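Coordinates from target.tsv are shown below (TSV, C-alpha atoms).
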```tsv
chain	number	residue	atom	x	y	z
A	11	MET	CA	-51.63	230.40	74.30
A	12	SER	CA	-50.77	232.14	77.55
A	13	GLY	CA	-52.64	235.22	78.66
A	14	GLY	CA	-49.64	237.41	77.84
A	15	ASP	CA	-49.03	235.94	74.38
A	16	THR	CA	-50.59	238.28	71.84
A	17	ALA	CA	-48.69	237.09	68.74
A	18	ALA	CA	-50.91	236.86	65.67
A	19	HIS	CA	-51.42	233.34	64.35
A	20	VAL	CA	-52.51	231.97	61.00
A	21	VAL	CA	-56.23	231.29	60.63
A	22	GLU	CA	-56.30	230.67	56.84
A	23	ASP	CA	-53.47	229.35	54.70
A	24	PHE	CA	-53.50	228.82	50.93
A	25	PHE	CA	-50.36	226.72	50.33
A	26	GLY	CA	-48.22	229.25	52.19
A	27	VAL	CA	-48.73	231.74	49.37
A	28	VAL	CA	-51.62	233.65	50.98
A	29	GLN	CA	-52.02	233.56	54.75
A	30	ILE	CA	-54.60	235.39	56.83
A	31	LEU	CA	-53.65	236.06	60.45
A	32	CYS	CA	-56.08	236.26	63.34
A	33	ASP	CA	-55.80	240.05	63.40
A	34	GLY	CA	-56.77	240.27	59.72
A	35	THR	CA	-53.25	240.83	58.44
A	36	VAL	CA	-52.51	239.20	55.09
A	37	VAL	CA	-49.06	237.70	54.51
A	38	ARG	CA	-48.06	236.80	50.97
A	39	GLY	CA	-45.42	234.32	49.87
A	40	ASP	CA	-43.87	233.51	46.51
A	41	GLU	CA	-46.52	232.40	44.01
A	42	ALA	CA	-43.83	230.58	42.04
A	43	ALA	CA	-44.19	227.81	44.61
A	44	LEU	CA	-47.56	226.89	43.05
A	45	GLN	CA	-46.15	226.27	39.57
A	46	PRO	CA	-43.18	224.23	38.35
A	47	PRO	CA	-40.35	226.39	37.00
A	48	ALA	CA	-40.91	227.23	33.35
A	49	THR	CA	-39.47	229.43	30.67
A	50	TYR	CA	-41.56	230.61	27.75
A	51	PRO	CA	-40.35	231.51	24.27
A	52	ASP	CA	-40.64	235.10	23.23
A	53	VAL	CA	-43.01	236.20	20.48
A	54	PRO	CA	-40.87	238.29	18.15
A	55	GLY	CA	-42.09	241.68	17.02
A	56	VAL	CA	-44.89	242.26	19.52
A	57	GLU	CA	-44.46	245.56	21.32
A	58	TRP	CA	-45.73	246.04	24.85
A	59	LYS	CA	-45.74	248.65	27.56
A	60	ASP	CA	-47.49	249.35	30.88
A	61	VAL	CA	-49.88	252.25	31.41
A	62	VAL	CA	-51.60	253.47	34.58
A	63	TYR	CA	-55.38	253.46	34.41
A	64	HIS	CA	-56.21	254.11	38.08
A	65	ALA	CA	-53.58	256.21	39.82
A	66	ALA	CA	-55.27	256.21	43.24
A	67	HIS	CA	-55.20	252.42	43.41
A	68	GLY	CA	-51.90	252.11	41.58
A	69	LEU	CA	-53.46	249.91	38.87
A	70	ARG	CA	-51.90	249.33	35.48
A	71	ALA	CA	-52.72	247.69	32.20
A	72	ARG	CA	-50.20	246.13	29.84
A	73	VAL	CA	-50.76	247.14	26.22
A	74	TYR	CA	-49.65	244.79	23.44
A	75	ARG	CA	-49.66	245.50	19.73
A	76	PRO	CA	-48.47	243.23	16.93
A	77	PRO	CA	-45.76	243.95	14.39
A	78	SER	CA	-46.83	246.44	11.74
A	79	SER	CA	-46.28	243.75	9.09
A	80	LEU	CA	-49.17	241.78	10.64
A	81	ALA	CA	-51.38	244.73	11.45
A	82	GLY	CA	-51.11	246.52	8.13
A	83	SER	CA	-52.65	249.99	7.92
A	84	ALA	CA	-56.10	249.04	9.27
A	85	LYS	CA	-56.96	249.46	12.92
A	86	LEU	CA	-57.25	246.29	14.97
A	87	PRO	CA	-59.84	244.79	17.30
A	88	VAL	CA	-59.23	245.28	21.00
A	89	LEU	CA	-59.03	242.30	23.36
A	90	VAL	CA	-59.38	243.20	27.05
A	91	TYR	CA	-57.93	240.36	29.16
A	92	PHE	CA	-58.42	239.74	32.89
A	93	GLN	CA	-56.05	237.15	34.37
A	94	GLY	CA	-57.04	234.28	36.62
A	95	GLY	CA	-56.09	233.34	40.16
A	96	GLY	CA	-59.29	232.88	42.12
A	97	TYR	CA	-59.41	236.65	42.77
A	98	CYS	CA	-56.57	236.09	45.26
A	99	LEU	CA	-53.52	235.24	43.13
A	100	GLY	CA	-51.89	236.09	39.85
A	101	PRO	CA	-49.97	239.30	39.14
A	102	PHE	CA	-51.14	240.44	35.72
A	103	ALA	CA	-47.51	240.53	34.51
A	104	GLN	CA	-46.85	236.90	35.50
A	105	PRO	CA	-44.92	235.17	32.67
A	106	MET	CA	-47.69	232.73	31.71
A	107	PHE	CA	-50.27	235.51	31.33
A	108	HIS	CA	-47.74	237.72	29.54
A	109	THR	CA	-46.94	234.92	27.09
A	110	PHE	CA	-50.61	234.28	26.29
A	111	CYS	CA	-51.15	237.99	25.59
A	112	LEU	CA	-48.08	238.16	23.35
A	113	ARG	CA	-49.43	235.24	21.32
A	114	ALA	CA	-52.96	236.66	21.16
A	115	SER	CA	-51.70	240.02	19.93
A	116	ALA	CA	-49.60	238.44	17.18
A	117	GLU	CA	-51.91	235.64	16.10
A	118	LEU	CA	-55.33	237.28	16.09
A	119	PRO	CA	-53.92	239.97	15.45
A	120	ALA	CA	-55.28	242.48	17.97
A	121	VAL	CA	-54.43	245.19	20.43
A	122	VAL	CA	-54.46	243.31	23.74
A	123	LEU	CA	-54.84	244.98	27.12
A	124	SER	CA	-54.03	242.84	30.15
A	125	VAL	CA	-55.63	244.48	33.17
A	126	GLN	CA	-54.40	244.53	36.74
A	127	TYR	CA	-57.06	244.52	39.46
A	128	ARG	CA	-57.00	244.52	43.24
A	129	LEU	CA	-56.72	241.11	44.86
A	130	ALA	CA	-58.49	239.57	47.83
A	131	PRO	CA	-58.32	238.99	50.73
A	132	GLU	CA	-56.81	242.47	51.13
A	133	HIS	CA	-59.54	243.79	48.82
A	134	ARG	CA	-62.57	241.54	48.93
A	135	LEU	CA	-65.12	241.39	46.17
A	136	PRO	CA	-66.62	243.34	44.54
A	137	ALA	CA	-63.37	245.41	44.50
A	138	ALA	CA	-61.99	243.57	41.45
A	139	ILE	CA	-65.23	244.05	39.52
A	140	GLU	CA	-65.21	247.76	40.36
A	141	ASP	CA	-61.67	247.90	38.97
A	142	GLY	CA	-62.79	246.16	35.77
A	143	ALA	CA	-65.56	248.72	35.33
A	144	ASP	CA	-63.09	251.55	36.01
A	145	PHE	CA	-60.83	250.12	33.32
A	146	LEU	CA	-63.60	250.17	30.72
A	147	SER	CA	-64.29	253.78	31.66
A	148	TRP	CA	-60.60	254.56	31.18
A	149	LEU	CA	-60.68	252.78	27.81
A	150	ARG	CA	-63.71	254.84	26.81
A	151	ALA	CA	-61.70	257.97	27.55
A	152	GLN	CA	-59.01	256.67	25.20
A	153	ALA	CA	-61.66	256.15	22.52
A	154	THR	CA	-62.79	259.75	22.86
A	155	GLY	CA	-59.37	261.28	22.36
A	156	GLY	CA	-57.24	259.89	25.15
A	157	ALA	CA	-53.54	260.53	25.27
A	158	ASP	CA	-52.12	257.06	24.57
A	159	PRO	CA	-50.61	257.09	21.06
A	160	TRP	CA	-50.55	253.30	20.61
A	161	LEU	CA	-54.29	253.05	21.13
A	162	ALA	CA	-54.97	256.12	18.98
A	163	GLU	CA	-52.93	254.61	16.15
A	164	SER	CA	-53.96	250.95	16.33
A	165	ALA	CA	-57.22	250.32	18.23
A	166	ASP	CA	-60.66	249.90	16.68
A	167	PHE	CA	-62.71	250.60	19.80
A	168	ALA	CA	-65.95	249.59	18.07
A	169	ARG	CA	-64.58	246.02	18.04
A	170	THR	CA	-63.75	245.57	21.72
A	171	PHE	CA	-63.94	242.08	23.20
A	172	VAL	CA	-63.91	241.50	26.97
A	173	SER	CA	-62.22	238.26	27.99
A	174	GLY	CA	-60.69	236.47	30.91
A	175	ALA	CA	-59.50	233.17	32.30
A	176	SER	CA	-60.82	231.59	35.52
A	177	ALA	CA	-61.57	234.46	37.95
A	178	GLY	CA	-60.83	236.79	35.06
A	179	ALA	CA	-63.65	235.14	33.11
A	180	ASN	CA	-65.98	235.69	36.05
A	181	LEU	CA	-64.90	239.34	36.09
A	182	ALA	CA	-65.42	239.58	32.30
A	183	HIS	CA	-69.00	238.34	32.75
A	184	HIS	CA	-69.83	240.94	35.40
A	185	VAL	CA	-68.25	243.86	33.56
A	186	THR	CA	-70.00	242.87	30.33
A	187	VAL	CA	-73.35	242.72	32.16
A	188	GLN	CA	-72.74	246.19	33.60
A	189	ASP	CA	-72.06	247.52	30.11
A	190	ALA	CA	-75.00	245.73	28.46
A	191	SER	CA	-77.44	246.84	31.16
A	192	GLY	CA	-76.48	250.50	30.87
A	193	GLN	CA	-74.69	250.74	34.21
A	194	LEU	CA	-71.52	251.80	32.38
A	195	ALA	CA	-71.40	254.59	29.82
A	196	VAL	CA	-68.75	253.42	27.36
A	197	HIS	CA	-69.85	254.86	23.98
A	198	PRO	CA	-68.14	255.22	21.49
A	199	LEU	CA	-66.40	252.10	22.71
A	200	ARG	CA	-68.53	249.08	21.81
A	201	VAL	CA	-68.28	245.64	23.45
A	202	ALA	CA	-68.76	243.39	20.41
A	203	GLY	CA	-68.44	240.11	22.33
A	204	TYR	CA	-67.07	238.46	25.43
A	205	VAL	CA	-64.98	235.37	26.03
A	206	LEU	CA	-65.05	233.18	29.14
A	207	LEU	CA	-62.21	230.68	29.43
A	208	SER	CA	-62.35	228.16	32.30
A	209	ALA	CA	-64.75	230.48	34.10
A	210	PHE	CA	-64.63	230.58	37.91
A	211	PHE	CA	-68.27	230.20	38.98
A	212	GLY	CA	-69.73	228.50	42.04
A	213	THR	CA	-72.92	227.55	43.82
A	214	ALA	CA	-73.77	226.47	47.32
A	215	GLU	CA	-75.08	223.22	45.85
A	216	ARG	CA	-72.47	220.81	44.52
A	217	THR	CA	-72.40	219.82	40.86
A	218	ALA	CA	-71.73	216.30	39.59
A	219	ALA	CA	-68.15	217.21	38.62
A	220	GLU	CA	-67.51	218.55	42.12
A	221	VAL	CA	-68.93	215.43	43.78
A	222	GLU	CA	-66.95	213.11	41.49
A	223	PRO	CA	-64.07	215.20	40.11
A	224	PRO	CA	-62.38	214.24	36.85
A	225	ALA	CA	-58.87	212.84	37.05
A	226	ASP	CA	-55.74	215.00	36.95
A	227	VAL	CA	-57.26	218.38	37.79
A	228	SER	CA	-55.23	221.57	38.23
A	229	LEU	CA	-57.88	223.12	40.51
A	230	THR	CA	-59.45	220.97	43.23
A	231	VAL	CA	-62.83	221.50	44.88
A	232	ASP	CA	-61.10	222.38	48.15
A	233	MET	CA	-58.94	224.97	46.41
A	234	SER	CA	-61.95	226.52	44.70
A	235	ASP	CA	-63.88	226.65	47.97
A	236	GLN	CA	-60.99	228.28	49.80
A	237	LEU	CA	-60.46	230.91	47.12
A	238	TRP	CA	-64.14	231.86	47.28
A	239	HIS	CA	-63.93	231.96	51.07
A	240	MET	CA	-60.98	234.35	50.92
A	241	SER	CA	-62.37	236.58	48.17
A	242	LEU	CA	-66.14	236.93	48.81
A	243	PRO	CA	-67.45	239.31	51.47
A	244	VAL	CA	-67.02	237.81	54.94
A	245	GLY	CA	-69.87	235.43	55.69
A	246	ALA	CA	-71.07	235.13	52.07
A	247	SER	CA	-71.81	231.76	50.52
A	248	ARG	CA	-71.05	230.55	47.00
A	249	ASP	CA	-74.57	231.67	46.04
A	250	HIS	CA	-73.37	235.27	46.32
A	251	PRO	CA	-74.16	237.07	43.01
A	252	VAL	CA	-70.46	237.32	42.11
A	253	ALA	CA	-69.96	233.56	42.35
A	254	ASN	CA	-73.39	232.48	41.10
A	255	PRO	CA	-74.85	234.72	38.36
A	256	PHE	CA	-78.16	232.84	38.66
A	257	GLY	CA	-78.34	232.65	42.45
A	258	PRO	CA	-81.28	233.70	44.63
A	259	ASP	CA	-79.96	237.26	45.01
A	260	SER	CA	-78.62	237.71	41.46
A	261	ARG	CA	-80.24	240.13	39.04
A	262	SER	CA	-82.16	238.61	36.15
A	263	LEU	CA	-80.31	238.65	32.84
A	264	THR	CA	-83.41	237.98	30.76
A	265	ALA	CA	-83.84	241.58	29.59
A	266	VAL	CA	-80.13	242.37	29.35
A	267	ASP	CA	-78.96	242.73	25.75
A	268	LEU	CA	-75.72	240.79	26.10
A	269	PRO	CA	-73.29	240.66	23.18
A	270	PRO	CA	-72.33	237.27	21.70
A	271	ALA	CA	-70.42	235.04	24.11
A	272	LEU	CA	-67.72	232.45	23.51
A	273	VAL	CA	-67.64	230.03	26.44
A	274	VAL	CA	-64.73	227.59	26.70
A	275	VAL	CA	-65.13	224.45	28.81
A	276	PRO	CA	-62.11	222.29	29.73
A	277	GLY	CA	-63.17	218.66	30.19
A	278	SER	CA	-60.90	217.92	33.18
A	279	ASP	CA	-62.14	220.78	35.31
A	280	VAL	CA	-64.17	220.52	38.52
A	281	LEU	CA	-65.96	223.71	37.42
A	282	ARG	CA	-67.06	222.36	34.03
A	283	ASP	CA	-70.70	221.85	35.09
A	284	HIS	CA	-70.92	225.43	36.34
A	285	VAL	CA	-69.62	226.69	33.00
A	286	ARG	CA	-71.91	224.46	30.95
A	287	GLY	CA	-74.84	225.51	33.12
A	288	TYR	CA	-74.01	229.18	32.62
A	289	ALA	CA	-74.04	228.79	28.84
A	290	ALA	CA	-77.25	226.74	28.91
A	291	ARG	CA	-79.08	229.33	31.01
A	292	LEU	CA	-78.09	232.12	28.63
A	293	LYS	CA	-79.16	230.07	25.61
A	294	ASP	CA	-82.54	229.47	27.26
A	295	MET	CA	-82.91	233.25	27.47
A	296	GLY	CA	-82.26	233.59	23.75
A	297	LYS	CA	-78.72	234.95	24.05
A	298	THR	CA	-76.09	234.22	21.41
A	299	VAL	CA	-73.67	231.77	23.03
A	300	GLU	CA	-71.08	229.47	21.52
A	301	VAL	CA	-69.67	226.68	23.64
A	302	VAL	CA	-66.35	225.07	22.78
A	303	GLU	CA	-65.26	222.03	24.78
A	304	PHE	CA	-61.66	220.90	25.18
A	305	ASP	CA	-61.81	217.27	26.24
A	306	GLY	CA	-59.15	216.21	28.71
A	307	GLU	CA	-57.84	219.74	29.29
A	308	GLN	CA	-57.39	221.22	32.75
A	309	HIS	CA	-58.69	224.43	34.28
A	310	GLY	CA	-56.54	227.27	32.92
A	311	PHE	CA	-54.92	225.20	30.17
A	312	SER	CA	-54.38	228.22	27.90
A	313	VAL	CA	-51.89	229.75	30.33
A	314	LEU	CA	-50.59	226.63	32.09
A	315	ARG	CA	-49.37	225.37	28.69
A	316	PRO	CA	-49.45	228.48	26.48
A	317	PHE	CA	-47.70	226.75	23.56
A	318	GLY	CA	-49.58	223.45	23.84
A	319	GLU	CA	-51.81	222.14	21.07
A	320	ALA	CA	-54.98	222.98	23.02
A	321	ALA	CA	-53.79	226.57	23.45
A	322	ASN	CA	-52.99	226.67	19.73
A	323	GLU	CA	-56.50	225.52	18.89
A	324	PHE	CA	-58.06	227.97	21.34
A	325	LEU	CA	-56.26	230.86	19.65
A	326	ARG	CA	-57.60	229.68	16.29
A	327	VAL	CA	-61.11	229.57	17.78
A	328	LEU	CA	-60.65	233.01	19.34
A	329	ARG	CA	-59.42	234.49	16.06
A	330	ARG	CA	-62.50	233.25	14.20
A	331	PHE	CA	-64.79	234.58	16.93
A	332	VAL	CA	-63.17	238.04	16.94
A	333	TYR	CA	-63.06	238.40	13.18
A	334	THR	CA	-66.26	236.63	12.08
A	335	GLY	CA	-68.53	236.57	15.15
A	336	HIS	CA	-68.48	232.79	15.40
A	337	SER	CA	-65.86	230.16	16.21
A	338	ASP	CA	-66.32	227.68	13.33
```
Can you turn what I pasted into structure tokens?
Amino acid sequence: MSGGDTAAHVVEDFFGVVQILCDGTVVRGDEAALQPPATYPDVPGVEWKDVVYHAAHGLRARVYRPPSSLAGSAKLPVLVYFQGGGYCLGPFAQPMFHTFCLRASAELPAVVLSVQYRLAPEHRLPAAIEDGADFLSWLRAQATGGADPWLAESADFARTFVSGASAGANLAHHVTVQDASGQLAVHPLRVAGYVLLSAFFGTAERTAAEVEPPADVSLTVDMSDQLWHMSLPVGASRDHPVANPFGPDSRSLTAVDLPPALVVVPGSDVLRDHVRGYAARLKDMGKTVEVVEFDGEQHGFSVLRPFGEAANEFLRVLRRFVYTGHSD
């Protein structure tokens, strides 16, 4: 580069979809380039709408409620859903996330709230976790006489479940910990359980599945590393408390009264050992944790193939967990 050439150049590039320039500018491309073209069937009868929960940040949630013929006159459990994307990708209204939420609302049935949060690298962590906490505070306001008529009519706030896929599962963990440890005042809303699907965790030390990855993965080790690099605070390692809940600087969860957890582990996922280790550590602390393994399934299978047999089985497992407190 000549002394007079001051044009910004790319210093980090995630498949052309997220690029960081040398001056810190972030350039975004079309995320459709990361997925083959797909159309998803509609789920008849489910109503949905978008609501603003944080006006200053321009953040919305998409509210889904099932047909009245499925819901009956009783109020329904509430499923809060955070989408995946390594904290850097994934508009919450993306068709594959939208389709999963339509199905969940109809087949549980439940009031489902799919929550938008700020993305890195424009907004590095813990921005997304702050947004998740702000959403629960907004939902608490709805439970205490908020203005949204759908929630007033249909939501049983005492049966709220916090869930997410991939980075959304990581976010669900952190928001649930904040609630269970008293950092969030959400009463009369009650978090009755939380659901981690293909959770996005990491450590500085490699796991066996990262050293020798399973075949046919949807998320590679290099992709995972790069997403953490773009989303964590600058200079942080994968032992940062957001990535590693049991890292050297993470708070102890021993005394935290966590609600029951449903932890879903896809077998063909480079992160499977992190997810299994998470569940094992909580069990060692005496927490109520159910682990469901999906052999041969990829990271994010529930949204990559939202009408596949594995997704069908996951929804059956999720229904049992929400309505009975266990998955079998």
Rounded to one decimal place, report the CA of Ser228 in chain A-CA of Glu303 in chain A distance in Å.
16.8 Å
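Interatomic distance, CA of Val299 in chain A against CA of Leu325 in chain A: 17.8 Å.
Shortest separation to Gln152 in chain A among A:His197, A:Arg128, A:Arg315, A:His183 occurs at residue A:His197, atoms counted being only C-alpha atoms.
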Using all atoms listed in the file, which of A:Val201, A:Leu135, A:Leu328, A:Ala42 sits nearest Leu272 in chain A?
A:Leu328
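Around range 29-36 of chain A, within 12 Å and counting only C-alpha atoms, the residues found are Thr16, Ala17, Ala18, His19, Val20, Val21, Glu22, Asp23, Phe24, Phe25, Asp40, Cys98, Leu99, Leu129, Ala130, Pro131, Glu132, His133, Gln236, Leu237, His239, Met240, Ser241 and Val244 of chain A, once anything fewer than 4 positions away on its own chain is removed.
Distance annotation: of A:Pro223, A:Gly26, A:Gly203, A:Pro243, the residue with the minimal separation from Leu89 in chain A is A:Gly203; atom set is all atoms listed in the file.
One finds CA of Leu161 in chain A at 7.9 Å from CA of Val121 in chain A.
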Could you tell me which of A:Ser176, A:Ser262, A:Gln126, A:Ser78 comes closest to Val285 in chain A if we count all atoms listed in the file?
A:Ser176
Best match for closeness to Leu292 in chain A among A:Val56, A:Ala103, A:Leu268, A:Ala48, counting all atoms listed in the file
A:Leu268
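Among the candidate residues A:Gly335, A:Gly95, A:Pro251, A:Gly55, the one lying nearest to Ala202 in chain A is A:Gly335, with distances computed using only C-alpha atoms.
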How close does range 298-335 of chain A get to range 205-219 of chain A? List, as a Markdown table, each residue of range 298-335 of chain A within 12 Å, its nearest atom pair and the distance in Å to one decimal, counting all atoms listed in the file.
```
| residue | atom | partner | partner_atom | distance |
| --- | --- | --- | --- | --- |
| A:Val299 | CA | A:Val205 | CA | 9.9 |
| A:Glu300 | CA | A:Val205 | CA | 9.6 |
| A:Val301 | CA | A:Leu206 | CA | 9.7 |
| A:Val302 | CA | A:Leu207 | CA | 9.6 |
| A:Glu303 | CA | A:Ser208 | CA | 10.1 |
| A:Phe304 | CA | A:Ser208 | CA | 10.2 |
| A:Glu307 | CA | A:Ser208 | CA | 10.0 |
| A:Gln308 | CA | A:Ser208 | CA | 8.5 |
| A:His309 | CA | A:Ser208 | CA | 5.6 |
| A:Gly310 | CA | A:Ser208 | CA | 5.9 |
| A:Phe311 | CA | A:Ser208 | CA | 8.3 |
| A:Ser312 | CA | A:Leu207 | CA | 8.3 |
| A:Val313 | CA | A:Leu207 | CA | 10.4 |
| A:Leu314 | CA | A:Ser208 | CA | 11.9 |
| A:Ala321 | CA | A:Leu207 | CA | 11.1 |
| A:Phe324 | CA | A:Leu207 | CA | 9.5 |
| A:Leu325 | CA | A:Leu207 | CA | 11.4 |
| A:Val327 | CA | A:Val205 | CA | 10.8 |
| A:Leu328 | CA | A:Val205 | CA | 8.3 |
| A:Arg329 | CA | A:Val205 | CA | 11.4 |
| A:Phe331 | CA | A:Val205 | CA | 9.1 |
| A:Val332 | CA | A:Val205 | CA | 9.6 |
| A:Gly335 | CA | A:Val205 | CA | 11.5 |
```
